[in-house]
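> Here it is, the structure in full.
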Amino acid sequence: MERRPPAQVEASPPRLARQQWLDILNNQPDQVPHVFIIGPTGSGKTTFATAMLAERSGRIVVLTAKTDDSWGGLPFVSIDDTGTYTAMQAMFDQLDTDVRARLVASKNKQPVGKPLTIVLDDYAVIAKECKPVAAQVFKLVARLGRSMRVRLVVLSTTGRVKSLDLEGEGDTLTNFISVELNRQREASLVWDTQRYQLDTAHVPSGARQSLAAKQWMPPMMVSSVFDSPSHSPAPRRAADMPRAGVRRYELLDQLLTPAEQQSSRAHAASMVDFADAEQSEHPEREFSALQSTEQSTILPGDREALVRFLVRQGWSANDIVKNVKGDSSTLYPLIARLKNEGNV
């Protein structure tokens, strides 16, 4: 009778308790700067990411091709009402500006700002729709984010470099640790060659925590032509600055709280000023942070107060409609009313 060797029983991967894997993913940025969450549709990638981010310090910005996730109440940037990605591209431009300013600050041994986590949900789609700026931000942060205190959390149905628009640049993923989920919502963490099973029993309850207080807002920028000698010291010429494509600064309709405004002003003062490449007829146009004390009277979400402020600053109706989110059919009458009230 044939005798076969006993079947080899594959040992189960080590199991990490909730607090153990949260500590690895959140509190070890030098060893684990970025996280890749991979799984098919319906595997709970967003739920897992939300639960993880609820325990992470710093600010968070979410860019997603989907519109039906809550992200713990955190406002997120998604597709436009027309199905295009204009708002997302604008946010990538703002992120690109911020991370490059942080890079310059790091080079000069200056503070780089509070920790920032950039969440890219369904990145395979985003990478194709927001070329080239999405890839610019992704690659820059993936490689140098640790020194800038900027981290990536990337959600995708695939980890293939070709699908992620990284063909030939697979080394970009070197600084990532992977979390893999299946449709049974079982999760495993892959760190180098070691695989660990994760205790996800508390993930659903963790995902119900609010992330709203962690929202990142770009330093509020408005275009201003410095044509008066009273502006001192003179801003550096935009031609001398590093560039990474067209800049389209957009005022978001959720405004900063007064406390955040102070922080934003301090951060913006250290930022490199960029000229808008689209304003070719005004090559000397610079951008400066809103410094008016009137800004502190603008409450979060108060679109009318923001429009009133911009009208007083001499913005044209077209520029206001272009930069302030909202329906033009309501914004134009509002602008006309404020001008007729003598608020210019």
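Each chain in the structure tokens gets a letter, A, B and so on, in the order shown; residues start at 1 in every chain, and ligands are counted from 1 in the order they appear.
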Using only C-alpha atoms, which protein or nucleic acid residues come within 7 Å of stretch 106-113 of chain A? Drop anything in the same chain fewer than 4 positions from it, and give the result as a list of chain:residue names.
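Using only C-alpha atoms, the neighbours found are A:Arg102, A:Ser147, A:Met148.
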> Which residue out of A:Ala17, A:Val125, A:Leu173, A:Ala213 has the minimum interatomic distance to A:Lys139 when only C-alpha atoms are used?
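Of A:Ala17, A:Val125, A:Leu173, A:Ala213, the one nearest A:Lys139, counting only C-alpha atoms, is A:Leu173.
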> Considering only C-alpha atoms, return as a ChimeraX atom specification whatever protein or nucleic-acid residues lie within 12 Å of A:Ala11, sequence-local ones (same chain, fewer than 5 positions apart) excluded.
/A:195-197
> Write out as JSON lines the residues of stretch 69-147 of chain A that have any atom within 8 Å of an atom of stretch 45-63 of chain A, one row each with the nearest atom pair and its distance in Å to one decimal, counting only C-alpha atoms, sorted by chain and then rising number.

```
{"residue": "A:Asp69", "atom": "CA", "partner": "A:Thr46", "partner_atom": "CA", "distance": 7.5}
{"residue": "A:Trp71", "atom": "CA", "partner": "A:Thr50", "partner_atom": "CA", "distance": 6.0}
{"residue": "A:Gly72", "atom": "CA", "partner": "A:Thr50", "partner_atom": "CA", "distance": 6.6}
{"residue": "A:Pro75", "atom": "CA", "partner": "A:Val62", "partner_atom": "CA", "distance": 7.6}
{"residue": "A:Phe76", "atom": "CA", "partner": "A:Val62", "partner_atom": "CA", "distance": 5.0}
{"residue": "A:Val77", "atom": "CA", "partner": "A:Leu63", "partner_atom": "CA", "distance": 4.8}
{"residue": "A:Ser78", "atom": "CA", "partner": "A:Leu63", "partner_atom": "CA", "distance": 6.0}
{"residue": "A:Met88", "atom": "CA", "partner": "A:Leu63", "partner_atom": "CA", "distance": 6.8}
{"residue": "A:Lys114", "atom": "CA", "partner": "A:Gly58", "partner_atom": "CA", "distance": 6.2}
{"residue": "A:Pro115", "atom": "CA", "partner": "A:Gly58", "partner_atom": "CA", "distance": 4.7}
{"residue": "A:Leu116", "atom": "CA", "partner": "A:Arg59", "partner_atom": "CA", "distance": 4.8}
{"residue": "A:Thr117", "atom": "CA", "partner": "A:Ile60", "partner_atom": "CA", "distance": 4.8}
{"residue": "A:Ile118", "atom": "CA", "partner": "A:Val61", "partner_atom": "CA", "distance": 5.2}
{"residue": "A:Val119", "atom": "CA", "partner": "A:Val62", "partner_atom": "CA", "distance": 4.6}
{"residue": "A:Leu120", "atom": "CA", "partner": "A:Leu63", "partner_atom": "CA", "distance": 5.2}
{"residue": "A:Asp121", "atom": "CA", "partner": "A:Leu63", "partner_atom": "CA", "distance": 6.2}
```
> Name the residues in contact with A:Ala317 at a cut-off of 12 Å, using only C-alpha atoms, excluding same-chain residues fewer than 3 positions from it; report them as a VMD selection string.
chain A and resid 307 to 308 310 to 314 320 to 324 328 to 339
> Could you turn the residues from that selection into a file that holds C-alpha atoms, as an mmCIF file, in the first residue's frame?

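New file out19.cif:
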```cif
data_model
loop_
_atom_site.group_PDB
_atom_site.id
_atom_site.type_symbol
_atom_site.label_atom_id
_atom_site.label_comp_id
_atom_site.auth_asym_id
_atom_site.auth_seq_id
_atom_site.Cartn_x
_atom_site.Cartn_y
_atom_site.Cartn_z
ATOM 1 C CA VAL A 307 -19.713 86.839 -2.025
ATOM 2 C CA ARG A 308 -20.155 90.190 -0.231
ATOM 3 C CA LEU A 310 -15.377 89.398 -2.844
ATOM 4 C CA VAL A 311 -17.648 92.116 -4.238
ATOM 5 C CA ARG A 312 -16.007 94.590 -1.878
ATOM 6 C CA GLN A 313 -12.618 93.391 -3.066
ATOM 7 C CA GLY A 314 -13.587 94.327 -6.624
ATOM 8 C CA ILE A 320 -16.971 85.157 -8.361
ATOM 9 C CA VAL A 321 -19.208 82.627 -10.106
ATOM 10 C CA LYS A 322 -16.146 80.764 -11.381
ATOM 11 C CA ASN A 323 -14.536 80.478 -7.937
ATOM 12 C CA VAL A 324 -17.462 80.148 -5.528
ATOM 13 C CA SER A 328 -24.837 80.506 -11.324
ATOM 14 C CA SER A 329 -28.569 81.190 -11.619
ATOM 15 C CA THR A 330 -28.594 82.080 -7.912
ATOM 16 C CA LEU A 331 -25.114 83.573 -7.661
ATOM 17 C CA TYR A 332 -25.555 86.229 -10.375
ATOM 18 C CA PRO A 333 -28.739 87.711 -8.802
ATOM 19 C CA LEU A 334 -27.019 87.682 -5.409
ATOM 20 C CA ILE A 335 -24.019 89.559 -6.794
ATOM 21 C CA ALA A 336 -26.300 92.112 -8.493
ATOM 22 C CA ARG A 337 -28.261 92.652 -5.293
ATOM 23 C CA LEU A 338 -25.145 93.198 -3.222
ATOM 24 C CA LYS A 339 -23.763 95.658 -5.733
#
```
> Considering only C-alpha atoms, state which residue in the set A:Leu198, A:Ala207, A:Ala135, A:Ile37 is at the smallest distance from A:Leu16.
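Selected residue with least distance to A:Leu16: A:Leu198.
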> Write out as a VMD selection string the residues lying within 8 Å of A:Asp122, counting only C-alpha atoms and excluding same-chain residues fewer than 2 positions away.
chain A and resid 64 to 66 120 124 to 126 154 to 157
> In stretch 57-224 of chain A, what's strand (DSSP E) per DSSP? Answer as a ChimeraX atom specification?
/A:59-64,116-121,150-156,176-181,187-191,194-198,221-224
> Any chance you could export the current selection's N, CA and C atoms as a compact mmCIF listing (two decimals), in the first residue's frame?

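Saved to result_7.txt:
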```txt
# COMPACT_ATOMS: atom_id res chain seq x y z
N ARG A 59 -4.94 66.42 9.86
CA ARG A 59 -6.03 66.77 8.96
C ARG A 59 -6.17 65.73 7.85
N ILE A 60 -7.37 65.70 7.25
CA ILE A 60 -7.67 64.71 6.22
C ILE A 60 -8.39 65.38 5.06
N VAL A 61 -8.04 65.01 3.83
CA VAL A 61 -8.80 65.43 2.66
C VAL A 61 -9.10 64.18 1.84
N VAL A 62 -10.35 64.04 1.41
CA VAL A 62 -10.79 62.85 0.68
C VAL A 62 -11.17 63.25 -0.74
N LEU A 63 -10.60 62.55 -1.71
CA LEU A 63 -10.98 62.70 -3.11
C LEU A 63 -11.47 61.35 -3.59
N THR A 64 -12.69 61.31 -4.11
CA THR A 64 -13.29 60.03 -4.47
C THR A 64 -14.12 60.15 -5.74
N LEU A 116 -0.92 65.78 7.45
CA LEU A 116 -2.01 65.76 6.47
C LEU A 116 -2.10 64.37 5.86
N THR A 117 -3.31 63.82 5.80
CA THR A 117 -3.55 62.56 5.12
C THR A 117 -4.41 62.82 3.89
N ILE A 118 -3.94 62.39 2.73
CA ILE A 118 -4.68 62.51 1.48
C ILE A 118 -5.26 61.14 1.16
N VAL A 119 -6.59 61.08 1.09
CA VAL A 119 -7.28 59.82 0.78
C VAL A 119 -7.71 59.85 -0.68
N LEU A 120 -7.28 58.85 -1.43
CA LEU A 120 -7.63 58.73 -2.84
C LEU A 120 -8.45 57.46 -3.02
N ASP A 121 -9.75 57.63 -3.17
CA ASP A 121 -10.67 56.50 -3.26
C ASP A 121 -10.94 56.16 -4.71
N VAL A 150 3.12 64.34 5.17
CA VAL A 150 1.94 64.08 4.33
C VAL A 150 1.91 62.59 4.03
N ARG A 151 0.73 61.98 4.23
CA ARG A 151 0.59 60.55 4.03
C ARG A 151 -0.55 60.27 3.06
N LEU A 152 -0.45 59.14 2.38
CA LEU A 152 -1.47 58.70 1.44
C LEU A 152 -2.22 57.50 2.00
N VAL A 153 -3.54 57.50 1.78
CA VAL A 153 -4.36 56.31 1.98
C VAL A 153 -5.08 56.10 0.66
N VAL A 154 -4.73 55.03 -0.03
CA VAL A 154 -5.22 54.79 -1.39
C VAL A 154 -6.12 53.57 -1.40
N LEU A 155 -7.33 53.74 -1.94
CA LEU A 155 -8.29 52.65 -2.05
C LEU A 155 -8.42 52.26 -3.51
N SER A 156 -8.37 50.97 -3.77
CA SER A 156 -8.44 50.52 -5.16
C SER A 156 -8.92 49.08 -5.21
N PHE A 176 4.59 51.87 0.75
CA PHE A 176 3.22 51.52 1.13
C PHE A 176 3.20 50.20 1.90
N ILE A 177 2.24 50.11 2.82
CA ILE A 177 1.88 48.85 3.43
C ILE A 177 0.47 48.52 2.93
N SER A 178 0.18 47.26 2.67
CA SER A 178 -1.09 46.89 2.05
C SER A 178 -2.04 46.26 3.05
N VAL A 179 -3.31 46.63 2.91
CA VAL A 179 -4.40 45.96 3.61
C VAL A 179 -5.31 45.36 2.55
N GLU A 180 -5.51 44.06 2.59
CA GLU A 180 -6.31 43.36 1.58
C GLU A 180 -7.61 42.89 2.21
N LEU A 181 -8.72 43.20 1.56
CA LEU A 181 -10.05 42.79 2.05
C LEU A 181 -10.72 41.89 1.03
N ALA A 187 -9.93 40.89 6.65
CA ALA A 187 -8.82 41.77 6.28
C ALA A 187 -7.49 41.15 6.69
N SER A 188 -6.51 41.38 5.85
CA SER A 188 -5.15 40.97 6.19
C SER A 188 -4.20 42.11 5.84
N LEU A 189 -3.16 42.23 6.63
CA LEU A 189 -2.15 43.27 6.43
C LEU A 189 -0.89 42.61 5.90
N VAL A 190 -0.36 43.16 4.82
CA VAL A 190 0.86 42.62 4.22
C VAL A 190 1.97 43.64 4.38
N TRP A 191 2.98 43.27 5.17
CA TRP A 191 4.11 44.15 5.45
C TRP A 191 5.37 43.42 5.00
N GLN A 194 5.58 39.48 5.12
CA GLN A 194 4.79 38.89 6.21
C GLN A 194 3.32 39.30 6.09
N ARG A 195 2.44 38.33 6.31
CA ARG A 195 1.01 38.58 6.26
C ARG A 195 0.41 38.39 7.66
N TYR A 196 -0.49 39.31 8.04
CA TYR A 196 -1.13 39.23 9.34
C TYR A 196 -2.65 39.30 9.15
N GLN A 197 -3.38 38.51 9.90
CA GLN A 197 -4.83 38.64 9.93
C GLN A 197 -5.21 39.76 10.89
N LEU A 198 -6.24 40.52 10.54
CA LEU A 198 -6.65 41.65 11.37
C LEU A 198 -7.99 41.37 12.03
N MET A 221 -6.99 81.41 -0.75
CA MET A 221 -6.20 82.27 -1.62
C MET A 221 -7.12 83.11 -2.50
N VAL A 222 -6.75 84.37 -2.71
CA VAL A 222 -7.44 85.21 -3.67
C VAL A 222 -6.40 85.87 -4.54
N SER A 223 -6.75 86.11 -5.81
CA SER A 223 -5.81 86.77 -6.70
C SER A 223 -5.77 88.25 -6.37
N SER A 224 -4.58 88.82 -6.42
CA SER A 224 -4.40 90.23 -6.12
C SER A 224 -3.22 90.75 -6.90
```
> Just the number, please: distance in Å from atom CA of A:Asn175 to atom CA of A:Leu95, one decimal.
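If I compute the distance from atom CA of A:Asn175 to atom CA of A:Leu95, I get 19.7 Å.
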> To test your reading of the structure, identify every residue in stretch 76-214 of chain A that backbone DSSP assigns to alpha helix (DSSP H), and report it as number ranges by chain.
A: 86-107, 123-129, 133-148, 203-206
